[in-house]
Structures are given as C-alpha cells and as structure tokens.
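Q: Contents of work-v9.pdb (PDB, C-alpha atoms and all ligand atoms) are below:
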```
MODEL        1
ATOM      1  CA  MET F   1      85.457 152.722 152.969
ATOM      2  CA  SER F   2      83.052 150.284 154.631
ATOM      3  CA  LEU F   3      80.610 148.377 152.455
ATOM      4  CA  LEU F   4      76.830 148.707 152.729
ATOM      5  CA  ARG F   5      75.590 145.291 153.897
ATOM      6  CA  VAL F   6      72.433 144.213 152.082
ATOM      7  CA  ALA F   7      70.291 141.118 152.789
ATOM      8  CA  VAL F   8      68.618 139.478 149.777
ATOM      9  CA  PRO F   9      66.168 136.512 149.830
ATOM     10  CA  ASN F  10      68.113 133.382 148.885
ATOM     11  CA  LYS F  11      65.067 131.233 147.966
ATOM     12  CA  GLY F  12      61.313 131.381 147.680
ATOM     13  CA  ALA F  13      58.846 133.666 145.984
ATOM     14  CA  LEU F  14      60.891 136.879 146.393
ATOM     15  CA  SER F  15      64.364 135.635 145.548
ATOM     16  CA  GLN F  16      64.541 135.971 141.771
ATOM     17  CA  ALA F  17      62.738 139.304 141.500
ATOM     18  CA  ALA F  18      64.902 140.767 144.285
ATOM     19  CA  SER F  19      68.121 139.854 142.492
ATOM     20  CA  GLU F  20      66.695 141.193 139.243
ATOM     21  CA  ILE F  21      65.927 144.623 140.657
ATOM     22  CA  LEU F  22      69.467 144.820 142.078
ATOM     23  CA  ARG F  23      70.998 143.734 138.784
ATOM     24  CA  GLU F  24      68.971 146.375 136.935
ATOM     25  CA  GLY F  25      70.274 148.886 139.476
ATOM     26  CA  GLY F  26      73.805 148.093 138.287
ATOM     27  CA  TYR F  27      74.850 145.767 141.117
ATOM     28  CA  ARG F  28      76.581 142.450 140.683
ATOM     29  CA  GLN F  29      74.441 139.457 141.665
ATOM     30  CA  ARG F  30      75.300 135.824 142.253
ATOM     31  CA  GLU F  31      75.178 133.412 139.297
ATOM     32  CA  ASP F  32      74.915 130.328 141.485
ATOM     33  CA  SER F  33      71.924 129.878 143.814
ATOM     34  CA  LYS F  34      74.138 128.125 146.393
ATOM     35  CA  GLN F  35      76.367 131.174 146.812
ATOM     36  CA  LEU F  36      75.719 132.824 150.194
ATOM     37  CA  THR F  37      77.575 136.144 149.967
ATOM     38  CA  LEU F  38      78.900 138.396 147.240
ATOM     39  CA  VAL F  39      81.086 141.500 147.435
ATOM     40  CA  ASP F  40      80.477 144.217 144.858
ATOM     41  CA  ALA F  41      83.368 146.456 145.892
ATOM     42  CA  GLU F  42      83.059 148.715 142.867
ATOM     43  CA  ASN F  43      79.585 149.747 144.038
ATOM     44  CA  GLY F  44      80.388 149.705 147.756
ATOM     45  CA  VAL F  45      77.961 146.899 148.625
ATOM     46  CA  GLU F  46      78.166 143.407 150.103
ATOM     47  CA  PHE F  47      75.189 141.079 149.547
ATOM     48  CA  PHE F  48      74.082 138.349 151.976
ATOM     49  CA  TYR F  49      71.662 135.754 150.617
ATOM     50  CA  LEU F  50      69.400 134.728 153.510
ATOM     51  CA  ARG F  51      65.970 133.263 154.224
ATOM     52  CA  PRO F  52      63.503 136.131 153.850
ATOM     53  CA  ARG F  53      62.025 135.252 157.248
ATOM     54  CA  ASP F  54      65.414 135.894 158.908
ATOM     55  CA  ILE F  55      66.185 139.118 157.067
ATOM     56  CA  ALA F  56      64.113 141.416 159.316
ATOM     57  CA  LEU F  57      65.921 139.975 162.310
ATOM     58  CA  TYR F  58      69.425 140.672 160.960
ATOM     59  CA  VAL F  59      68.462 144.198 159.941
ATOM     60  CA  GLY F  60      66.636 144.859 163.245
ATOM     61  CA  GLU F  61      69.710 143.787 165.201
ATOM     62  CA  GLY F  62      71.895 146.072 163.091
ATOM     63  CA  THR F  63      74.043 143.162 161.863
ATOM     64  CA  LEU F  64      73.053 144.058 158.308
ATOM     65  CA  ASP F  65      72.212 147.562 157.067
ATOM     66  CA  VAL F  66      69.483 147.004 154.498
ATOM     67  CA  GLY F  67      67.159 144.144 153.572
ATOM     68  CA  ILE F  68      64.631 143.014 151.017
ATOM     69  CA  THR F  69      61.837 140.919 152.507
ATOM     70  CA  GLY F  70      58.042 140.580 152.558
ATOM     71  CA  ARG F  71      55.895 143.077 154.488
ATOM     72  CA  ASP F  72      54.073 140.090 156.062
ATOM     73  CA  LEU F  73      57.351 138.506 157.237
ATOM     74  CA  LEU F  74      58.454 141.864 158.612
ATOM     75  CA  ALA F  75      55.208 142.199 160.568
ATOM     76  CA  ASP F  76      55.534 138.647 161.847
ATOM     77  CA  SER F  77      59.105 139.173 163.085
ATOM     78  CA  GLY F  78      58.342 142.131 165.330
ATOM     79  CA  ALA F  79      61.875 143.360 164.546
ATOM     80  CA  LYS F  80      62.769 147.023 165.036
ATOM     81  CA  THR F  81      62.911 147.817 161.343
ATOM     82  CA  GLU F  82      61.469 150.451 159.103
ATOM     83  CA  GLU F  83      59.818 149.886 155.740
ATOM     84  CA  VAL F  84      61.548 152.371 153.455
ATOM     85  CA  ARG F  85      59.444 151.548 150.410
ATOM     86  CA  GLY F  86      57.430 148.885 148.610
ATOM     87  CA  LEU F  87      59.211 147.294 145.680
ATOM     88  CA  GLY F  88      56.264 146.454 143.428
ATOM     89  CA  PHE F  89      56.733 142.676 143.314
ATOM     90  CA  GLY F  90      55.877 139.649 145.486
ATOM     91  CA  ALA F  91      52.342 140.926 146.104
ATOM     92  CA  SER F  92      50.098 138.678 148.183
ATOM     93  CA  THR F  93      47.353 138.891 150.772
ATOM     94  CA  PHE F  94      47.278 137.171 154.145
ATOM     95  CA  ARG F  95      43.905 135.558 154.857
ATOM     96  CA  PHE F  96      41.976 133.147 157.002
ATOM     97  CA  ALA F  97      40.618 130.121 155.155
ATOM     98  CA  GLY F  98      38.523 127.107 156.023
ATOM     99  CA  PRO F  99      36.643 124.273 154.312
ATOM    100  CA  ALA F 100      34.598 125.723 151.424
ATOM    101  CA  GLY F 101      31.194 126.940 152.633
ATOM    102  CA  ARG F 102      31.887 126.333 156.345
ATOM    103  CA  TYR F 103      32.806 129.783 157.696
ATOM    104  CA  SER F 104      31.794 133.258 156.628
ATOM    105  CA  ASP F 105      32.657 135.600 159.480
ATOM    106  CA  LEU F 106      35.643 136.279 161.727
ATOM    107  CA  SER F 107      33.437 136.006 164.826
ATOM    108  CA  GLU F 108      33.305 132.244 164.133
ATOM    109  CA  LEU F 109      37.036 131.980 164.900
ATOM    110  CA  ALA F 110      36.434 131.991 168.673
ATOM    111  CA  GLY F 111      37.548 128.717 170.223
ATOM    112  CA  LEU F 112      38.913 127.279 166.937
ATOM    113  CA  ARG F 113      42.359 125.857 166.220
ATOM    114  CA  ILE F 114      44.236 128.014 163.681
ATOM    115  CA  ALA F 115      47.330 126.719 161.869
ATOM    116  CA  THR F 116      49.778 129.217 160.377
ATOM    117  CA  SER F 117      53.445 129.938 159.664
ATOM    118  CA  TYR F 118      52.840 133.531 160.770
ATOM    119  CA  THR F 119      51.932 133.228 164.459
ATOM    120  CA  GLY F 120      53.081 136.789 165.225
ATOM    121  CA  VAL F 121      50.700 138.319 162.678
ATOM    122  CA  VAL F 122      47.770 136.048 163.604
ATOM    123  CA  GLU F 123      48.102 136.466 167.369
ATOM    124  CA  ALA F 124      48.325 140.245 167.058
ATOM    125  CA  PHE F 125      45.255 140.278 164.802
ATOM    126  CA  LEU F 126      43.205 138.101 167.168
ATOM    127  CA  GLN F 127      44.204 140.181 170.151
ATOM    128  CA  GLN F 128      43.272 143.384 168.372
ATOM    129  CA  ARG F 129      39.816 141.969 167.589
ATOM    130  CA  GLY F 130      39.410 140.420 171.053
ATOM    131  CA  ILE F 131      39.059 136.892 169.641
ATOM    132  CA  GLU F 132      40.307 133.912 171.681
ATOM    133  CA  ALA F 133      41.547 130.975 169.624
ATOM    134  CA  THR F 134      44.408 128.456 169.648
ATOM    135  CA  VAL F 135      47.234 129.262 167.238
ATOM    136  CA  THR F 136      49.543 126.465 166.080
ATOM    137  CA  ARG F 137      52.744 127.196 164.189
ATOM    138  CA  LEU F 138      53.553 125.078 161.131
ATOM    139  CA  ASP F 139      56.489 125.579 158.796
ATOM    140  CA  GLY F 140      54.611 125.304 155.503
ATOM    141  CA  ALA F 141      51.968 123.427 153.507
ATOM    142  CA  VAL F 142      49.502 124.624 156.149
ATOM    143  CA  GLU F 143      46.556 123.972 153.789
ATOM    144  CA  THR F 144      46.847 120.247 154.500
ATOM    145  CA  SER F 145      46.591 120.650 158.272
ATOM    146  CA  ILE F 146      42.781 120.860 158.210
ATOM    147  CA  GLN F 147      42.403 117.597 156.298
ATOM    148  CA  LEU F 148      44.805 115.999 158.763
ATOM    149  CA  GLY F 149      42.714 117.144 161.711
ATOM    150  CA  VAL F 150      45.407 119.366 163.234
ATOM    151  CA  ALA F 151      43.463 122.604 162.711
ATOM    152  CA  ASP F 152      39.950 123.922 161.969
ATOM    153  CA  VAL F 153      41.109 126.902 159.924
ATOM    154  CA  ILE F 154      44.378 128.269 158.569
ATOM    155  CA  ALA F 155      45.843 131.718 158.073
ATOM    156  CA  ASP F 156      48.211 131.861 155.107
ATOM    157  CA  VAL F 157      49.633 133.715 152.147
ATOM    158  CA  VAL F 158      47.229 133.809 149.214
ATOM    159  CA  GLU F 159      48.420 134.893 145.821
ATOM    160  CA  THR F 160      46.344 133.291 143.038
ATOM    161  CA  GLY F 161      44.242 131.223 145.458
ATOM    162  CA  SER F 162      44.894 128.023 143.529
ATOM    163  CA  THR F 163      46.574 126.224 146.468
ATOM    164  CA  LEU F 164      43.481 126.886 148.591
ATOM    165  CA  ARG F 165      41.071 125.720 145.889
ATOM    166  CA  ARG F 166      43.000 122.515 145.374
ATOM    167  CA  ALA F 167      42.787 121.788 149.085
ATOM    168  CA  GLY F 168      39.001 122.405 149.048
ATOM    169  CA  LEU F 169      39.369 125.587 151.129
ATOM    170  CA  GLU F 170      38.168 129.157 150.715
ATOM    171  CA  THR F 171      38.991 132.466 152.354
ATOM    172  CA  PHE F 172      36.620 134.214 154.756
ATOM    173  CA  GLY F 173      36.640 137.438 156.760
ATOM    174  CA  ASP F 174      38.621 140.617 156.144
ATOM    175  CA  VAL F 175      42.090 140.586 154.606
ATOM    176  CA  ILE F 176      44.500 140.382 157.549
ATOM    177  CA  LEU F 177      47.294 142.096 155.687
ATOM    178  CA  GLU F 178      48.341 143.098 152.160
ATOM    179  CA  SER F 179      51.932 142.289 151.418
ATOM    180  CA  GLU F 180      54.612 142.910 148.818
ATOM    181  CA  ALA F 181      58.395 142.905 148.817
ATOM    182  CA  VAL F 182      59.753 145.863 150.785
ATOM    183  CA  LEU F 183      63.076 147.589 151.367
ATOM    184  CA  ILE F 184      63.898 147.811 155.073
ATOM    185  CA  THR F 185      66.458 149.448 157.363
ATOM    186  CA  ARG F 186      66.839 149.498 161.125
ATOM    187  CA  THR F 187      64.488 151.899 162.899
ATOM    188  CA  GLY F 188      66.111 155.295 163.370
ATOM    189  CA  ASP F 189      69.223 154.320 161.432
ATOM    190  CA  VAL F 190      70.272 155.618 158.018
ATOM    191  CA  PRO F 191      73.360 153.594 157.127
ATOM    192  CA  ALA F 192      76.242 155.258 155.263
ATOM    193  CA  GLY F 193      75.882 154.714 151.534
ATOM    194  CA  PHE F 194      72.156 154.038 151.769
ATOM    195  CA  ALA F 195      71.090 157.175 149.908
ATOM    196  CA  VAL F 196      72.863 156.069 146.728
ATOM    197  CA  PHE F 197      71.523 152.523 147.047
ATOM    198  CA  GLU F 198      67.965 153.779 147.515
ATOM    199  CA  ARG F 199      68.235 156.181 144.587
ATOM    200  CA  ARG F 200      69.328 153.334 142.334
ATOM    201  CA  ILE F 201      66.401 151.130 143.369
ATOM    202  CA  GLU F 202      64.041 154.074 142.974
ATOM    203  CA  GLY F 203      65.511 154.615 139.476
ATOM    204  CA  VAL F 204      64.793 151.004 138.520
ATOM    205  CA  LEU F 205      61.192 151.219 139.745
ATOM    206  CA  ARG F 206      60.606 154.488 137.874
ATOM    207  CA  ALA F 207      62.206 153.102 134.725
ATOM    208  CA  ARG F 208      59.849 150.129 134.960
ATOM    209  CA  SER F 209      56.710 152.150 135.449
ATOM    210  CA  TYR F 210      57.421 155.117 133.135
ATOM    211  CA  VAL F 211      58.130 155.481 129.429
ATOM    212  CA  MET F 212      59.551 158.376 127.431
ATOM    213  CA  MET F 213      57.144 160.082 125.047
ATOM    214  CA  ASP F 214      58.108 162.355 122.158
ATOM    215  CA  TYR F 215      55.691 164.182 119.899
ATOM    216  CA  ASP F 216      55.329 167.156 117.604
ATOM    217  CA  ILE F 217      52.444 169.556 118.107
ATOM    218  CA  PRO F 218      51.212 172.807 116.521
ATOM    219  CA  THR F 219      52.452 175.426 119.001
ATOM    220  CA  GLU F 220      48.940 176.851 119.421
ATOM    221  CA  LYS F 221      47.878 173.443 120.809
ATOM    222  CA  LEU F 222      50.850 173.146 123.138
ATOM    223  CA  THR F 223      48.942 174.115 126.297
ATOM    224  CA  ASP F 224      46.316 171.419 125.686
ATOM    225  CA  ALA F 225      48.947 168.774 124.999
ATOM    226  CA  VAL F 226      51.069 169.657 128.025
ATOM    227  CA  ARG F 227      47.976 169.428 130.220
ATOM    228  CA  LEU F 228      47.760 165.771 129.154
ATOM    229  CA  THR F 229      51.491 165.171 129.700
ATOM    230  CA  PRO F 230      52.710 167.330 132.591
ATOM    231  CA  GLY F 231      55.743 165.092 133.338
ATOM    232  CA  PHE F 232      57.605 165.204 136.650
ATOM    233  CA  GLU F 233      59.013 168.701 136.635
ATOM    234  CA  SER F 234      57.827 170.011 133.292
ATOM    235  CA  PRO F 235      58.168 168.714 129.720
ATOM    236  CA  THR F 236      61.066 169.733 127.488
ATOM    237  CA  VAL F 237      59.710 171.841 124.629
ATOM    238  CA  ALA F 238      61.832 172.780 121.604
ATOM    239  CA  PRO F 239      60.883 174.644 118.424
ATOM    240  CA  LEU F 240      60.610 172.536 115.261
ATOM    241  CA  HIS F 241      62.293 173.793 112.106
ATOM    242  CA  ARG F 242      58.797 173.881 110.596
ATOM    243  CA  ASP F 243      57.150 177.172 111.569
ATOM    244  CA  GLY F 244      54.383 177.062 114.170
ATOM    245  CA  TRP F 245      55.284 173.587 115.504
ATOM    246  CA  SER F 246      56.968 172.434 118.702
ATOM    247  CA  ALA F 247      58.598 169.188 119.776
ATOM    248  CA  VAL F 248      57.811 167.811 123.241
ATOM    249  CA  ARG F 249      59.735 165.230 125.276
ATOM    250  CA  VAL F 250      58.234 164.003 128.543
ATOM    251  CA  MET F 251      58.079 160.983 130.895
ATOM    252  CA  VAL F 252      54.620 159.401 131.239
ATOM    253  CA  PRO F 253      53.314 156.423 133.239
ATOM    254  CA  ARG F 254      53.558 153.185 131.244
ATOM    255  CA  ASP F 255      49.988 152.311 132.291
ATOM    256  CA  GLY F 256      47.573 154.204 130.108
ATOM    257  CA  SER F 257      50.296 155.408 127.713
ATOM    258  CA  GLN F 258      48.483 154.004 124.637
ATOM    259  CA  ARG F 259      45.307 155.871 125.552
ATOM    260  CA  LEU F 260      47.389 158.986 126.085
ATOM    261  CA  MET F 261      48.789 158.635 122.553
ATOM    262  CA  ASP F 262      45.206 158.501 121.202
ATOM    263  CA  GLU F 263      44.281 161.624 123.143
ATOM    264  CA  LEU F 264      47.379 163.510 121.976
ATOM    265  CA  TYR F 265      46.607 162.566 118.383
ATOM    266  CA  GLU F 266      43.100 163.981 118.828
ATOM    267  CA  VAL F 267      44.563 167.256 120.141
ATOM    268  CA  GLY F 268      46.724 167.485 117.004
ATOM    269  CA  ALA F 269      50.003 165.831 117.962
ATOM    270  CA  ARG F 270      51.837 163.863 115.267
ATOM    271  CA  GLY F 271      55.023 161.762 115.185
ATOM    272  CA  ILE F 272      54.180 160.412 118.652
ATOM    273  CA  LEU F 273      56.895 158.033 119.861
ATOM    274  CA  LEU F 274      57.108 155.853 122.963
ATOM    275  CA  THR F 275      60.440 154.478 124.143
ATOM    276  CA  GLY F 276      61.388 152.460 127.198
ATOM    277  CA  ILE F 277      63.589 153.943 129.908
ATOM    278  CA  HIS F 278      66.519 151.751 130.806
ATOM    279  CA  ALA F 279      67.498 153.518 134.016
ATOM    280  CA  CYS F 280      67.004 156.941 135.578
ATOM    281  CA  ARG F 281      67.739 159.201 138.557
ATOM    282  CA  LEU F 282      65.050 161.724 139.340
TER     283      LEU F 282
HETATM  284  N1  LIG I 301      52.759 132.737 145.816
HETATM  285  C1  LIG I 301      53.456 132.997 146.910
HETATM  286  N2  LIG I 301      53.754 132.031 147.774
HETATM  287  C2  LIG I 301      54.452 132.286 148.877
HETATM  288  N3  LIG I 301      54.920 133.473 149.219
HETATM  289  C3  LIG I 301      54.646 134.481 148.403
HETATM  290  C4  LIG I 301      53.911 134.297 147.216
HETATM  291  N4  LIG I 301      53.817 135.468 146.613
HETATM  292  C5  LIG I 301      54.457 136.332 147.391
HETATM  293  N5  LIG I 301      54.951 135.760 148.465
HETATM  294  C6  LIG I 301      55.713 136.368 149.543
HETATM  295  O1  LIG I 301      56.974 135.725 149.709
HETATM  296  C7  LIG I 301      57.349 135.739 151.085
HETATM  297  C8  LIG I 301      57.518 134.314 151.542
HETATM  298  O2  LIG I 301      58.827 133.991 151.414
HETATM  299  P1  LIG I 301      59.259 132.480 151.523
HETATM  300  O3  LIG I 301      60.701 132.382 151.390
HETATM  301  O4  LIG I 301      58.540 131.812 152.622
HETATM  302  O5  LIG I 301      58.725 132.060 150.125
HETATM  303  P2  LIG I 301      58.137 130.730 149.764
HETATM  304  O6  LIG I 301      57.759 130.818 148.316
HETATM  305  O7  LIG I 301      57.090 130.404 150.751
HETATM  306  O8  LIG I 301      59.417 129.796 149.905
HETATM  307  P3  LIG I 301      59.543 128.410 150.604
HETATM  308  O9  LIG I 301      58.150 127.897 150.744
HETATM  309  O10 LIG I 301      60.397 127.698 149.640
HETATM  310  O11 LIG I 301      60.208 128.661 151.917
HETATM  311  C9  LIG I 301      56.225 136.407 151.823
HETATM  312  O12 LIG I 301      56.529 137.775 151.985
HETATM  313  C10 LIG I 301      55.051 136.247 150.894
HETATM  314  O13 LIG I 301      54.063 137.252 151.037
HETATM  315  O1  LIG I 302      47.576 131.501 146.240
HETATM  316  P1  LIG I 302      48.671 130.734 145.577
HETATM  317  O2  LIG I 302      49.106 131.354 144.269
HETATM  318  O3  LIG I 302      48.330 129.296 145.420
HETATM  319  O4  LIG I 302      49.981 130.862 146.485
HETATM  320  C1  LIG I 302      49.936 130.727 147.875
HETATM  321  C2  LIG I 302      50.613 129.484 148.317
HETATM  322  O5  LIG I 302      52.003 129.563 148.053
HETATM  323  C3  LIG I 302      52.751 129.468 149.268
HETATM  324  O6  LIG I 302      53.162 128.185 149.500
HETATM  325  P2  LIG I 302      54.626 127.683 149.110
HETATM  326  O7  LIG I 302      54.641 127.197 147.708
HETATM  327  O8  LIG I 302      55.589 128.710 149.464
HETATM  328  O9  LIG I 302      54.768 126.421 150.053
HETATM  329  P3  LIG I 302      54.907 126.437 151.645
HETATM  330  O10 LIG I 302      53.523 126.477 152.177
HETATM  331  O11 LIG I 302      55.590 125.164 151.928
HETATM  332  O12 LIG I 302      55.710 127.626 152.009
HETATM  333  C4  LIG I 302      51.754 129.895 150.330
HETATM  334  O13 LIG I 302      52.116 129.410 151.607
HETATM  335  C5  LIG I 302      50.467 129.330 149.822
HETATM  336  O14 LIG I 302      50.360 127.982 150.139
HETATM  337 MG    MG I 303      56.390 129.148 151.472
ENDMDL
END
```
Go through the file and emit its structure as structure tokens.
Ligand SMILES: Nc1ncnc2c1ncn2[C@@H]1O[C@H](COP(=O)(O)OP(=O)(O)OP(=O)(O)O)[C@@H](O)[C@H]1O
Ligand SMILES: O=P(O)(O)OC[C@H]1O[C@H](OP(=O)(O)OP(=O)(O)O)[C@H](O)[C@@H]1O
Ligand SMILES: [Mg+2]
A:
Amino acid sequence: MSLLRVAVPNKGALSQAASEILREGGYRQREDSKQLTLVDAENGVEFFYLRPRDIALYVGEGTLDVGITGRDLLADSGAKTEEVRGLGFGASTFRFAGPAGRYSDLSELAGLRIATSYTGVVEAFLQQRGIEATVTRLDGAVETSIQLGVADVIADVVETGSTLRRAGLETFGDVILESEAVLITRTGDVPAGFAVFERRIEGVLRARSYVMMDYDIPTEKLTDAVRLTPGFESPTVAPLHRDGWSAVRVMVPRDGSQRLMDELYEVGARGILLTGIHACRL
C-alpha cells in the first residue's frame, strides 16, 4: 500500500504546533529538529519536514499529497491547492505598516516603496484596489527596511504587534488577510488515505475544543436541561436508580462550559461533571 505523503513545517512559527496536532492524532513525529523525513508505516503516512513557504508548491505540483502551511503563504504562492480546513493555530493578520502617525489610509500608498516577504499577496491586493506602488521583496526582518531607507512602508505578518512597536511603526488601512495554519491538498485531488488522516485531525481539533459533561437532573426538568446542552446528535439520557431522576452525558464546547454548569445548576441539575476528551471521531 502506498503511503500518504504529508508536508509539515520544519521551522518557524507553525512548526511545533503542527507536529503536536499530528502527534495527538496518533502519528509518529520526529524527535530531532534536523530530521527531514519520517516514515510512520503503521499509520500509512510519510512525513516531509519542509519550509512552510515551499509546502504549497510541493502540494500544488502533486509531489506531496497533503500539507500544513499558513493561509498567507498559500495565497502568496499562487499554487493550485485547496484549503481543506483551518487548524486553529498560527493565527496572524497581514497588514501594511509605516512610521507611527505618518499614514492613515490605503490611498496614500500610491507611488510609495513597499517592502515585504509576500510580494504575491501585496501585488494582488494593490492590483485589486487599483493602486500603483513599487513592491520590493525581502526575506525577513522587513520592519528595519524603513529605517534603512529601502522602503516607505512595509506589509508583513502581525501577531502581537510588538515587533512593529519596537521598530516605531504602526499598522494602517484594512487588514490585507487573516491567516492561520491550514490543511491543504492539490486542487481537485483527494489522495488515497486522506479521509482517515483528515478524520484524525478533525478528532484532535474537536477534542481540544469540546469537553464531556455529565449531570443528574429531575426528569421533569430534562427538556429544559437538554435545551441548554443539545450535543452533536443528541445527549445520552439514562434513568437514575433514584426515582424521577435522569443522568445525562453530552459533549459541550469548552468555551463557556463553566457558565453552562451554572445555568444547569439553576435548572436543577446536580452532580455536574466536566472531563476532557482525549481523542474522538464524530
Ligand atoms: N508571530 C509570527 N511570526 C511569524 N509568522 C507567524 C507568526 N504567527 C503566525 N505566523 C505564521 O507562520 C507562517 C510563517 O512561517 P515562517 O516559517 O516564515 O515562520 P517564521 O516564524 O517567520 O520563521 P522564520 O522567520 O524562522 O523563517 C505564516 O503563515 C505566518 O502567518
Ligand atoms: O506581531 P509580532 O508578535 O511581533 O510577530 C510578527 C513578527 O514575527 C515575524 O517575524 P520573524 O520572527 O518570523 O522574523 P522574520 O521577519 O525574519 O521572518 C513577522 O515577520 C513579524 O516580524
Ligand atoms: Mg519569519
């Protein structure tokens, strides 16, 4: 049986979290950050540790079946790939920035020199808005290019904004693009073995964002309680040995689960328990 070939970021902001999600999905991951490939024959997958910027290219060409990369890098590459789903980590925005207080509107970009590592994204954005400006590609540390007189403004990844602040810069204009880590495949291609891989990743994401809730409730209040906790399909309800009471077991979103416990208590639920989900298939 042929192995599913999966590209994983080898360095940078996405690398650790990408390996973690795969490990939680039951896949073997490298122990040594210099290791470039790893075969997990038991699970039918071979991992290739590559620069996230190159991953869209390999997947677009069909050399590799699946990849984890950033939505912004994917957009910049112009590769023929499809975003299967967001992965809930590596969130960032892509913004224009200039010296603090200097610019406030995108219309001011006309005629300026813009430095960026994402020329594909910036040129497409400018074209779409009908703005003419000079775009210069730099590999990194683009914030410094203004101070060095190479550019008037930059377009770069902003996460906390602290790199910009330290360089005396601030963002202006609309967000160019919102990014996060994404799972990609080649456009129009569903590789063999991908369904299982995707289900495992999906299971990890669900297990991270949901918790299991158990509670006991007077049966006459069951309808009210189930309205608060509808679950995915429907909650499991079992009779308690004590007459007139039921036991409920249901998955609920982790966010807001404490408030939900308060509300259930108000409705009459008792013995309310929250437990983490280690893994799941839905
Ligand atoms: N704080 C961050 N800094 C840089 N990239 C981030 C950050 N948060 C998320 N990302 C995402 O990580 C991807 C960039 O990958 P890249 O390998 O260039 O990471 P990097 O941290 O810039 O690594 P390096 O600078 O060592 O090459 C993009 O998709 C970007 O949106
Ligand atoms: O908003 P922040 O939380 O400060 O993060 C954003 C900064 O992090 C990245 O740089 P990186 O460290 O990857 O260096 P690079 O520019 O050399 O890629 C990015 O290019 C920004 O400079
Ligand atoms: Mg970087």
Q: Using all atoms listed in the file, find each residue in range 140-177 of chain F having at least one atom no more than 7 Å away from range 106-127 of chain F; report its shortest atom-to-atom pair and that distance in Å (one decimal), rows by chain then rising number, as JSON lines.
A:
```
{"residue": "F:Gly140", "atom": "CA", "partner": "F:Ser117", "partner_atom": "CA", "distance": 6.3}
{"residue": "F:Val142", "atom": "CA", "partner": "F:Thr116", "partner_atom": "CA", "distance": 6.2}
{"residue": "F:Ala151", "atom": "CA", "partner": "F:Arg113", "partner_atom": "CA", "distance": 4.9}
{"residue": "F:Asp152", "atom": "CA", "partner": "F:Arg113", "partner_atom": "CA", "distance": 5.3}
{"residue": "F:Val153", "atom": "CA", "partner": "F:Ile114", "partner_atom": "CA", "distance": 5.0}
{"residue": "F:Ile154", "atom": "CA", "partner": "F:Ala115", "partner_atom": "CA", "distance": 4.7}
{"residue": "F:Ala155", "atom": "CA", "partner": "F:Thr116", "partner_atom": "CA", "distance": 5.2}
{"residue": "F:Asp156", "atom": "CA", "partner": "F:Thr116", "partner_atom": "CA", "distance": 6.1}
{"residue": "F:Gly173", "atom": "CA", "partner": "F:Leu106", "partner_atom": "CA", "distance": 5.2}
```
Q: Once the PyMOL selection byres (((not hetatm)) within 6 of (chain I and resi 301)) has been evaluated on this model, what residues remain selected, and can you format them as an MDAnalysis selection string?
A: chainID F and resid 11:14 52 70:73 90:92 157 159 179
Q: Tell me which of F:Phe96, F:Phe47, F:Trp245, F:Phe89 sits closest to Ala18 in chain F, counting all atoms listed in the file.
A: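 Using all atoms listed in the file, the shortest distance to Ala18 in chain F belongs to F:Phe89.
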Q: Could you list, as a list in words, every residue within 12 Å of Lys221 in chain F, counting only C-alpha atoms and ignoring same-chain residues fewer than 4 positions away?
A: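 Here the qualifying residues turn out to be Asp216, Ile217, Ala225, Val226, Arg227, Leu228, Gly244, Trp245, Ser246, Ala247, Val248, Leu264, Tyr265, Glu266, Val267, Gly268, Ala269 and Arg270 of chain F.
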Q: Please, what distance in Å, to one decimal, runs between CA of Val45 in chain F and CA of Tyr58 in chain F?
A: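 So the two atoms, CA of Val45 in chain F and CA of Tyr58 in chain F, lie 16.2 Å apart.
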Q: Any chance you could resolve the PyMOL selection byres (((chain F and resi 35) around 12) and not hetatm) against this file and give the residues as a list in words?
A: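 Selection result, ordered by chain and number: Val8, Pro9, Asn10, Lys11, Gln29, Arg30, Glu31, Asp32, Ser33, Lys34, Leu36, Thr37, Leu38, Val39, Phe47, Phe48, Tyr49 and Leu50 of chain F.
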Q: Measuring between all atoms listed in the file, which one of F:Ser209, F:Thr219, F:Ser162, F:Thr185 shows the shortest distance to Leu64 in chain F?
A: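 That would be F:Thr185, the residue with the smallest distance to Leu64 in chain F.
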Q: I'd like the residues picked by the PyMOL selection byres (((chain F and resi 100) around 7) and not hetatm) written out as JSON, numbers by chain, using the chain letters and numbers from the file.
A: {"F": [98, 99, 101, 102, 168, 169, 170]}
Q: Counting only C-alpha atoms, what is within 9 Å of range 187-197 of chain F, bar same-chain residues fewer than 5 positions away, as a list of chain:residue names?
A: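 So the residues in contact are F:Ser2, F:Leu3, F:Leu4, F:Gly25, F:Gly44, F:Val45, F:Gly60, F:Gly62, F:Asp65, F:Val66, F:Lys80, F:Thr81, F:Glu82, F:Glu83, F:Glu202.
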Q: Report, as JSON, the axis-aligned box around all atoms of ligand LIG 302 (chain I) present in the file, extended by 5 Å on each side; give centre and edge lengths in Å to one decimal place.
A:
```
{"center_x": 51.6, "center_y": 128.3, "center_z": 148.2, "size_x": 18.1, "size_y": 16.3, "size_z": 17.9}
```
Q: So which one's closest to Leu183 in chain F, F:Gly161, F:Gly67, F:Pro253, F:Gly26? Using all atoms listed in the file, please.
A: F:Gly67
Q: If you measure from CA of Leu274 in chain F to CA of Thr223 in chain F, what distance in Å do you get, rounded to one decimal?
A: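 Straight-line distance from CA of Leu274 in chain F to CA of Thr223 in chain F works out to 20.3 Å.
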Q: Using all atoms listed in the file, which of the listed residues (F:Val237, F:Ala56, F:Val135, F:Met213) sits closest to Gly271 in chain F?
A: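 Looking at the shortest contact to Gly271 in chain F, the residue is F:Met213.
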Q: Distance CA of Leu87 in chain F-CA of Arg254 in chain F, one decimal place?
A: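 Between these atoms lies a distance of 16.6 Å.
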Q: Give the answer as one residue: which of F:Glu220, F:Asp174, F:Asp243, F:Asp139 has the shortest atom-to-atom distance to ligand MG 303 (chain I), using only C-alpha atoms and all ligand atoms?
A: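 Between F:Glu220, F:Asp174, F:Asp243, F:Asp139, the residue approaching ligand MG 303 (chain I) most closely is F:Asp139.
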Q: Considering all atoms listed in the file, state which residue in the set F:His278, F:Arg5, F:Arg28, F:Arg53 is at the smallest distance from ligand MG 303 (chain I).
A: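 The shortest atom-to-atom distance to ligand MG 303 (chain I) comes from F:Arg53.
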